[in-house]
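Read the structure below first, then the notes.
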Amino acid sequence: MTTIKTTLGRRAFIQNTSLASGGLVLGFSFLNSCQSLSDGAMEKELPEEWFEINSYLKIGENGLVTILSPNPEGGQNVKTSMPMIVADELDVDWSAVLVEQAPLDTAAFSFQFIGGSQALRRGWSGLRMAGASAKTMLMEAAAELWNVGLDELSTQKGRVYHQNQGKSMGYGELASLAAKRAVPEKVNLKAIADFTIIGNSQKNVETKNIITGKPLFGIDTQRAGMLTAMIVHPPAFGLQLKAITTDRVKSMPGIKDVFIIKVFNDDFEKQFFDTRTFNEVAVIVGDSTWELLQAKKELQIECAPIKSSTETRSRFGVKWEQHTPAGLENTDDHYRQMEARAQQPAQVRRKDGNPEAAFKRAAKVIESTYTAPFLAHNCMEPMNFFADVKGGKAELIGPLQKPEFTEQTLAARLGIPLENIDIKMSRLGGGYGRRSYAHWLVEAALISQKMEAPVKLVYTREDDMTDGIYRPSYQIKYKAGLDAQGNLIAFHVNAGGIPESPLSENRFPAGAVPNYLAEDWTIDTNITVGSFRAPRSNFMASAEQSFLDEVAAAAGKDPIDFRLELLLNAQTNPVGTNNDYDPKRYAGVLELVKVKSNWGTSTDQKHRGVSSYFCHNTYVAQVLELTVEAGVPVVHKVICGIDCGIVVNPDSAKNMAEGGVVDSIGTALYGELSFENGVPNKDNFHNYRMIRMKEAPKEIDVYFVENQIAPTGLGEPTYPPTFAALANALHKATGKRYYKQPFLS
């Protein structure tokens, strides 16, 4: 048991207790949270009234508990896992828990967004505190009522007990008295060994709503008098919209208006998530989607080349200059530019020892170059948002990942105070970073403001895929030096991309090699990029772990043993002080998959590849088994070892791990977006190849390292290493190394 103060900083825990309908309402501000209505609780009789505040845990007079979540739900299942944490510390029966989505409220919550696999990691302490504080207040109420010491009481499944007197009361019976008490300054957290809900699988609280087709997503939004809107943007990056011809389109059936909007004003300093490819877009507003689709075909637009420009951007208060060049870009030119740039002096990010001298004395030097294309996100739910802006107020509903930041942008653009903006967060039908850049929310609001009517803006698949935001294109050159005994004595990584570098200079094998050099560079572009599942790591892991296999082969060593040897170096004799990984935990997942896969034994003509990577505070190792049949890889099995700390909801965690593996295989084999004179070469699923169900692994075995470390990320970490596990297995099958993505291009 751990005793903690009920504060996590200035805004982390807000005392706010109120009494209503005999219920306790405990307000708190934790960094991340949970959501909807759990099975079992749905059949229970609800209290007559809930007293609602900004951020809270509330207990009804009948013992039901409701937790509001400030975080969007994007399929990562925080809507189930995070309430489990509160419920466990509260010591309430899970069947008595209801979960609801909170509205955007920056006065009550902080870090009200999803991204970077941070939900459980950032929410862990605050969620535990919330449950423990409510439990303490209930126990204090019972102690006062029975005139006994607090230390004489215990709790179990929503009841407070005094064993010596043989008394007990339900939380609902104590809620009125508990609501009058102050939030305690200190509370006792459960010992991890005493968890009863955490670590035991619970069904997704939204399962019934999902499978019965309930309206959960932004695209489901309907309002009386609502109009529908679509946009038309320039056909190529490097062009800007200048004029439109509207007469014919305005006369078409169901069309209400056609006009141009400017998303951001010229003097607006964009924040990091204010990225927008085409700042001026044409808008068509009408009655139905079908009528708008016909109108889009007829709308004539006039474009002009953009001029080179430089603007100041801000990322969480840190300013940088973003340069956008003019011109119509081509993928072939991009690869030539990256190859040429890699030959020029680069920015040194880390240097250990004397790499230059070590390479000169090396008995063997291995060099390889890896490249990756731009990628589209392709969320299943089209980009959409509902907006109703009138009378100096704005109501918005839809899927987005960074509502806290988007609200600030919206207020500035509309000239409406934050307190007059109400953003309701719907479930995301896919995100992976794409819904972080919610310019379409701003567009929807501007359209509604002009039309003086509620509007739902919907992007077609073609709009989204040809409008950005994309995963950047990357290149990495690796160089490794081995001594006569096959020891890695020098390592050089030269990484860059368009328009960002993927380098994380302090990650493995930094710290494991005595002579190490990491440097990078970038090339400007007018093609808009942004976060993509496991940003930067999705390529770094692929290149790094593929290259380490090649180096292990040159050293005549088993690929797992070679990695473990390096990690032992980092553990016993680390080089440098900025290594951002724990080599013991890193080695732990490799050892786990080595055992679980029976590494080194026969696999009935199947070919195996291994990979391991650390990102988003989590360690993952994988062994992938495949055969090549008629020239096509068939993945039979993936064995996945994960160290993500305490696993809150095992079934949910396993689902996320499996999803990351399947998604990665599809991207590695097929994912690619090219450009010809600024025009993307793919615009829908008929030509942007996605993995098919029959191509998914026949079996995925997921194993978690058991420890008592606070939870870390899981939505993204299983995605990056699969690329290299696949590439390394393909090499075993074909004898060919895979240096360019996609592997089946």
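The way I read the labels, and the way they are meant: chains A, B, ... in the order of the structure tokens, residue 1 as the first residue of every chain, and ligand 1 as the first ligand shown, with later ones counted on from there.
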
Compile a residue-level contact table for range 481-537 of chain A against range 312-334 of chain A at a cut-off of 9 Å, reporting for every qualifying residue the shortest atom pair and its distance in Å to one decimal, with only C-alpha atoms counted, rows ordered by chain and ascending number, as JSON lines.
```
{"residue": "A:Ile498", "atom": "CA", "partner": "A:His334", "partner_atom": "CA", "distance": 7.8}
{"residue": "A:Ile523", "atom": "CA", "partner": "A:His334", "partner_atom": "CA", "distance": 8.9}
{"residue": "A:Asp524", "atom": "CA", "partner": "A:Thr324", "partner_atom": "CA", "distance": 6.5}
{"residue": "A:Thr525", "atom": "CA", "partner": "A:Thr324", "partner_atom": "CA", "distance": 5.9}
{"residue": "A:Asn526", "atom": "CA", "partner": "A:Thr324", "partner_atom": "CA", "distance": 5.2}
{"residue": "A:Ile527", "atom": "CA", "partner": "A:Glu329", "partner_atom": "CA", "distance": 8.2}
```

Which range 658-709 of chain A residues have any atom within 9 Å of an atom of range 457-478 of chain A, and for each, what is the nearest pair of atoms with distance in Å to one decimal, counting only C-alpha atoms, rows sorted by chain and number, as JSON lines?
```
{"residue": "A:Leu673", "atom": "CA", "partner": "A:Tyr470", "partner_atom": "CA", "distance": 8.8}
{"residue": "A:Val679", "atom": "CA", "partner": "A:Thr466", "partner_atom": "CA", "distance": 7.7}
{"residue": "A:Pro680", "atom": "CA", "partner": "A:Thr466", "partner_atom": "CA", "distance": 6.0}
{"residue": "A:Asn681", "atom": "CA", "partner": "A:Thr466", "partner_atom": "CA", "distance": 8.7}
{"residue": "A:Lys682", "atom": "CA", "partner": "A:Met465", "partner_atom": "CA", "distance": 7.5}
{"residue": "A:Asp683", "atom": "CA", "partner": "A:Glu462", "partner_atom": "CA", "distance": 4.8}
{"residue": "A:Asn684", "atom": "CA", "partner": "A:Glu462", "partner_atom": "CA", "distance": 5.8}
{"residue": "A:Phe685", "atom": "CA", "partner": "A:Arg461", "partner_atom": "CA", "distance": 8.5}
```

Report the residues of range 332-403 of chain A whose backbone DSSP state falls under strand (DSSP E), written as number ranges by chain. A: 347-352, 364-372, 375-376, 384-390, 393-398

Might you pull out every residue within 10 Å of Val148 in chain A, with only C-alpha atoms counted and same-chain residues fewer than 5 positions away left off, and present them as number ranges by chain? A: 140, 142-143, 153, 162, 165

Saved selection, atoms kept: N, CA and C atoms, as a PDB file, in the first residue's frame:
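And here is the file that came out, selection_36.pdb:
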```pdb
ATOM      1  N   GLU A 140     -14.661   7.632   5.622  1.00  0.00           N
ATOM      2  CA  GLU A 140     -14.742   8.668   6.658  1.00  0.00           C
ATOM      3  C   GLU A 140     -16.191   8.929   7.051  1.00  0.00           C
ATOM      4  N   ALA A 142     -18.609   6.730   6.971  1.00  0.00           N
ATOM      5  CA  ALA A 142     -19.027   5.598   7.793  1.00  0.00           C
ATOM      6  C   ALA A 142     -18.437   5.680   9.197  1.00  0.00           C
ATOM      7  N   ALA A 143     -17.170   6.099   9.289  1.00  0.00           N
ATOM      8  CA  ALA A 143     -16.522   6.223  10.597  1.00  0.00           C
ATOM      9  C   ALA A 143     -17.240   7.247  11.465  1.00  0.00           C
ATOM     10  N   LEU A 153     -12.016   0.193   9.603  1.00  0.00           N
ATOM     11  CA  LEU A 153     -12.933  -0.086   8.498  1.00  0.00           C
ATOM     12  C   LEU A 153     -12.211  -0.707   7.312  1.00  0.00           C
ATOM     13  N   HIS A 162     -17.406  -2.707   9.048  1.00  0.00           N
ATOM     14  CA  HIS A 162     -16.770  -2.694  10.368  1.00  0.00           C
ATOM     15  C   HIS A 162     -16.916  -4.113  10.908  1.00  0.00           C
ATOM     16  N   GLN A 165     -17.980  -4.843  14.718  1.00  0.00           N
ATOM     17  CA  GLN A 165     -19.384  -4.589  15.076  1.00  0.00           C
ATOM     18  C   GLN A 165     -20.349  -5.318  14.150  1.00  0.00           C
TER      19      GLN A 165
END
```

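Of the residues under consideration (A:Ala304, A:Val183, A:Ala191, A:Ala725), A:Ala725 shows the shortest atom-to-atom contact distance to Arg608 in chain A when counting only C-alpha atoms.
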
Minimum-distance residue to Asn354 in chain A, chosen among A:Gly158, A:Gly659, A:Pro72, A:Pro514 (using only C-alpha atoms): A:Pro514

With distances taken over only C-alpha atoms, which residue among A:Ile423, A:Leu400, A:Leu744, A:Val97 lies nearest Leu669 in chain A? A:Leu744

Go through A:Gly660, A:Thr310, A:Pro720, A:Glu339 one by one, measure the shortest atom-to-atom distance of each to Pro535 in chain A using only C-alpha atoms, and give the residue with the smallest value.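 Going through A:Gly660, A:Thr310, A:Pro720, A:Glu339 one by one, the smallest distance to Pro535 in chain A is for A:Pro720.
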
Can you pull out the residues contacting Leu239 in chain A? Cut-off 7 Å, using only C-alpha atoms, and skip same-chain residues under 2 positions away; I want them as a PyMOL selection string. chain A and resi 234+236-237+241+303-306

Once DSSP has gone over the backbone, tell me which residues of range 82-309 of chain A are in alpha helix (DSSP H), as a PyMOL selection string. chain A and resi 82-90+119-146+171-178+207-211+247-250+289-298

Contacts of Lys360 in chain A within 12 Å, only C-alpha atoms, excl. fewer than 2 positions in-chain, as a ChimeraX atom specification: /A:354-358,362-365,480-483,489-490,515

So that I can check the surroundings of Thr155 in chain A, please list as a PyMOL selection string every protein, DNA and RNA residue that reaches within 12 Å of it, counting only C-alpha atoms and ignoring chain neighbours fewer than 5 positions away. chain A and resi 88-93+132+134-140+142+150+160-163+167-171+190
